[in-house]
$ cat query.pdb   # PDB, C-alpha atoms and all ligand atoms
ATOM      1  CA  MET A   1      21.005  17.511  -9.848  1.00  0.00           C
ATOM      2  CA  ASP A   2      19.807  18.661  -6.439  1.00  0.00           C
ATOM      3  CA  LYS A   3      21.952  18.401  -3.331  1.00  0.00           C
ATOM      4  CA  LYS A   4      19.545  16.303  -1.303  1.00  0.00           C
ATOM      5  CA  PHE A   5      21.022  13.220   0.292  1.00  0.00           C
ATOM      6  CA  TYR A   6      19.508   9.847  -0.385  1.00  0.00           C
ATOM      7  CA  ILE A   7      20.647   7.172   1.997  1.00  0.00           C
ATOM      8  CA  ASP A   8      17.629   4.861   2.158  1.00  0.00           C
ATOM      9  CA  TYR A   9      18.693   2.707  -0.755  1.00  0.00           C
ATOM     10  CA  PRO A  10      19.045  -1.024  -0.172  1.00  0.00           C
ATOM     11  CA  GLN A  11      22.576  -1.874   0.888  1.00  0.00           C
ATOM     12  CA  GLU A  12      24.533  -5.085   1.159  1.00  0.00           C
ATOM     13  CA  LYS A  13      28.044  -5.949   2.225  1.00  0.00           C
ATOM     14  CA  ILE A  14      30.497  -6.349  -0.617  1.00  0.00           C
ATOM     15  CA  GLU A  15      31.660  -9.559   0.995  1.00  0.00           C
ATOM     16  CA  GLU A  16      30.893 -11.383   4.207  1.00  0.00           C
ATOM     17  CA  GLY A  17      33.046 -10.125   7.072  1.00  0.00           C
ATOM     18  CA  SER A  18      33.885  -6.805   5.463  1.00  0.00           C
ATOM     19  CA  ASN A  19      32.484  -3.484   6.573  1.00  0.00           C
ATOM     20  CA  ILE A  20      32.232  -2.106   3.075  1.00  0.00           C
ATOM     21  CA  TYR A  21      28.715  -1.672   1.764  1.00  0.00           C
ATOM     22  CA  ARG A  22      27.307  -1.177  -1.677  1.00  0.00           C
ATOM     23  CA  CYS A  23      23.953  -0.494  -3.256  1.00  0.00           C
ATOM     24  CA  SER A  24      22.358  -3.897  -3.648  1.00  0.00           C
ATOM     25  CA  ILE A  25      20.753  -2.825  -6.929  1.00  0.00           C
ATOM     26  CA  CYS A  26      23.543  -1.208  -8.964  1.00  0.00           C
ATOM     27  CA  LYS A  27      26.459  -2.564  -6.875  1.00  0.00           C
ATOM     28  CA  GLU A  28      28.086   0.853  -6.587  1.00  0.00           C
ATOM     29  CA  LYS A  29      30.040   1.248  -3.321  1.00  0.00           C
ATOM     30  CA  SER A  30      28.369   3.346  -0.618  1.00  0.00           C
ATOM     31  CA  LEU A  31      31.593   5.325  -0.260  1.00  0.00           C
ATOM     32  CA  THR A  32      31.376   6.186  -3.942  1.00  0.00           C
ATOM     33  CA  ILE A  33      27.680   7.011  -3.791  1.00  0.00           C
ATOM     34  CA  ASN A  34      28.239   9.220  -0.740  1.00  0.00           C
ATOM     35  CA  GLY A  35      24.496   9.834  -0.375  1.00  0.00           C
ATOM     36  CA  LEU A  36      24.118  11.388  -3.809  1.00  0.00           C
ATOM     37  CA  LEU A  37      21.566  10.030  -6.225  1.00  0.00           C
ATOM     38  CA  GLY A  38      23.703  10.922  -9.237  1.00  0.00           C
ATOM     39  CA  ASN A  39      26.442   8.586  -8.063  1.00  0.00           C
ATOM     40  CA  HIS A  40      24.303   5.488  -8.526  1.00  0.00           C
ATOM     41  CA  LYS A  41      24.622   3.916 -11.934  1.00  0.00           C
ATOM     42  CA  PRO A  42      22.198   5.452 -14.471  1.00  0.00           C
ATOM     43  CA  SER A  43      20.517   2.055 -14.741  1.00  0.00           C
ATOM     44  CA  CYS A  44      19.952   1.761 -10.966  1.00  0.00           C
ATOM     45  CA  LYS A  45      16.274   1.124 -10.207  1.00  0.00           C
ATOM     46  CA  TYR A  46      16.490   3.095  -6.971  1.00  0.00           C
ATOM     47  CA  ARG A  47      17.826   6.150  -8.798  1.00  0.00           C
ATOM     48  CA  ILE A  48      15.307   5.818 -11.625  1.00  0.00           C
ATOM     49  CA  ASP A  49      12.376   5.526  -9.198  1.00  0.00           C
ATOM     50  CA  ILE A  50      13.341   8.709  -7.347  1.00  0.00           C
ATOM     51  CA  GLU A  51      14.054  10.652 -10.516  1.00  0.00           C
ATOM     52  CA  GLU A  52      10.642   9.710 -11.851  1.00  0.00           C
ATOM     53  CA  ARG A  53       9.018  10.871  -8.629  1.00  0.00           C
ATOM     54  CA  LYS A  54      10.325  14.434  -9.013  1.00  0.00           C
TER      55      LYS A  54
HETATM   56 ZN    ZN A 101      22.140   2.027  -6.826  1.00  0.00          ZN
END

$ encode --input "query.pdb" --output "C-alpha cells"
Amino acid sequence: MDKKFYIDYPQEKIEEGSNIYRCSICKEKSLTINGLLGNHKPSCKYRIDIEERK
C-alpha cells in the first residue's frame, strides 16, 4: 500500500448537526480513514476504482 493520501472521496455527515463525516460509499468514518485508501472497506467502490487505476 502506498502512502499517498486520498481525500477526494464522497463524504457525508454521520448525522445532521454533527461535524463528524464519513465516506458516503462505505460509511467508514473520515477520522478512521485518515486519508488512506486502505482504511476504506475492501468493498468500497471509491477504493476499488483507485486500486484498479494503478
Ligand atoms: Zn469508502

$ resolve_selection --input "query.pdb" --expression "the PyMOL selection byres (((not hetatm)) within 8 of (chain A and resi 101))" --output "PDB file with C-alpha atoms, in the coordinates of the input"
ATOM      1  CA  TYR A   9      18.693   2.707  -0.755  1.00  0.00           C
ATOM      2  CA  PRO A  10      19.045  -1.024  -0.172  1.00  0.00           C
ATOM      3  CA  ARG A  22      27.307  -1.177  -1.677  1.00  0.00           C
ATOM      4  CA  CYS A  23      23.953  -0.494  -3.256  1.00  0.00           C
ATOM      5  CA  SER A  24      22.358  -3.897  -3.648  1.00  0.00           C
ATOM      6  CA  ILE A  25      20.753  -2.825  -6.929  1.00  0.00           C
ATOM      7  CA  CYS A  26      23.543  -1.208  -8.964  1.00  0.00           C
ATOM      8  CA  LYS A  27      26.459  -2.564  -6.875  1.00  0.00           C
ATOM      9  CA  GLU A  28      28.086   0.853  -6.587  1.00  0.00           C
ATOM     10  CA  ASN A  39      26.442   8.586  -8.063  1.00  0.00           C
ATOM     11  CA  HIS A  40      24.303   5.488  -8.526  1.00  0.00           C
ATOM     12  CA  LYS A  41      24.622   3.916 -11.934  1.00  0.00           C
ATOM     13  CA  CYS A  44      19.952   1.761 -10.966  1.00  0.00           C
ATOM     14  CA  LYS A  45      16.274   1.124 -10.207  1.00  0.00           C
ATOM     15  CA  TYR A  46      16.490   3.095  -6.971  1.00  0.00           C
ATOM     16  CA  ARG A  47      17.826   6.150  -8.798  1.00  0.00           C
TER      17      ARG A  47
END

$ residues_around --input "query.pdb" --residues "Tyr6 of chain A" --least-positions-apart "6" --cutoff "7 Å" --atoms "all atoms listed in the file" --output "MDAnalysis selection string"
chainID A and resid 35:37

$ resolve_selection --input "query.pdb" --expression "the PyMOL selection byres (((chain A and resi 21) around 8) and not hetatm)" --output "PDB file with C-alpha atoms, in the frame of the given file"
ATOM      1  CA  GLN A  11      22.576  -1.874   0.888  1.00  0.00           C
ATOM      2  CA  GLU A  12      24.533  -5.085   1.159  1.00  0.00           C
ATOM      3  CA  LYS A  13      28.044  -5.949   2.225  1.00  0.00           C
ATOM      4  CA  ILE A  14      30.497  -6.349  -0.617  1.00  0.00           C
ATOM      5  CA  ASN A  19      32.484  -3.484   6.573  1.00  0.00           C
ATOM      6  CA  ILE A  20      32.232  -2.106   3.075  1.00  0.00           C
ATOM      7  CA  ARG A  22      27.307  -1.177  -1.677  1.00  0.00           C
ATOM      8  CA  CYS A  23      23.953  -0.494  -3.256  1.00  0.00           C
ATOM      9  CA  LYS A  29      30.040   1.248  -3.321  1.00  0.00           C
ATOM     10  CA  SER A  30      28.369   3.346  -0.618  1.00  0.00           C
ATOM     11  CA  LEU A  31      31.593   5.325  -0.260  1.00  0.00           C
TER      12      LEU A  31
END

$ atom_distance --input "query.pdb" --atom1 "atom CA of Asn34 of chain A" --atom2 "atom CA of Asp49 of chain A"
18.4 Å

$ decode --input "query.pdb" --residues "chain A" --atoms "C-alpha atoms" --output "CSV table (one decimal), in the first residue's frame"
chain,number,residue,atom,x,y,z
A,1,MET,CA,0.0,0.0,0.0
A,2,ASP,CA,1.5,3.4,-1.0
A,3,LYS,CA,1.5,6.3,1.3
A,4,LYS,CA,-0.4,8.7,-0.9
A,5,PHE,CA,-3.3,10.5,0.6
A,6,TYR,CA,-6.7,10.2,-0.9
A,7,ILE,CA,-9.2,12.8,0.4
A,8,ASP,CA,-11.4,13.3,-2.6
A,9,TYR,CA,-13.9,10.6,-1.7
A,10,PRO,CA,-17.5,11.5,-1.4
A,11,GLN,CA,-18.3,12.4,2.2
A,12,GLU,CA,-21.5,12.9,4.2
A,13,LYS,CA,-22.2,13.8,7.8
A,14,ILE,CA,-22.9,10.9,10.1
A,15,GLU,CA,-26.0,12.7,11.3
A,16,GLU,CA,-27.5,16.1,10.7
A,17,GLY,CA,-26.0,18.7,13.1
A,18,SER,CA,-22.8,16.7,13.8
A,19,ASN,CA,-19.4,17.6,12.5
A,20,ILE,CA,-18.4,14.0,12.0
A,21,TYR,CA,-18.0,12.9,8.4
A,22,ARG,CA,-17.9,9.5,6.8
A,23,CYS,CA,-17.3,8.1,3.4
A,24,SER,CA,-20.7,8.1,1.7
A,25,ILE,CA,-20.0,4.8,-0.1
A,26,CYS,CA,-18.6,2.5,2.6
A,27,LYS,CA,-19.7,4.5,5.6
A,28,GLU,CA,-16.3,4.4,7.3
A,29,LYS,CA,-15.6,7.5,9.4
A,30,SER,CA,-13.3,10.1,7.9
A,31,LEU,CA,-11.3,10.0,11.2
A,32,THR,CA,-10.8,6.3,10.7
A,33,ILE,CA,-9.9,6.6,7.0
A,34,ASN,CA,-7.4,9.4,7.8
A,35,GLY,CA,-6.8,9.9,4.1
A,36,LEU,CA,-5.5,6.4,3.5
A,37,LEU,CA,-7.1,4.3,0.8
A,38,GLY,CA,-6.5,1.1,2.7
A,39,ASN,CA,-8.7,2.3,5.5
A,40,HIS,CA,-11.9,2.3,3.4
A,41,LYS,CA,-13.8,-1.0,3.5
A,42,PRO,CA,-12.4,-3.5,0.9
A,43,SER,CA,-15.8,-3.4,-0.8
A,44,CYS,CA,-15.8,0.5,-1.1
A,45,LYS,CA,-16.3,1.5,-4.7
A,46,TYR,CA,-14.1,4.5,-4.3
A,47,ARG,CA,-11.2,2.3,-3.1
A,48,ILE,CA,-11.8,-0.3,-5.8
A,49,ASP,CA,-11.8,2.3,-8.6
A,50,ILE,CA,-8.5,3.8,-7.5
A,51,GLU,CA,-6.9,0.4,-7.0
A,52,GLU,CA,-7.9,-0.6,-10.5
A,53,ARG,CA,-6.4,2.6,-11.9
A,54,LYS,CA,-2.9,1.8,-10.6
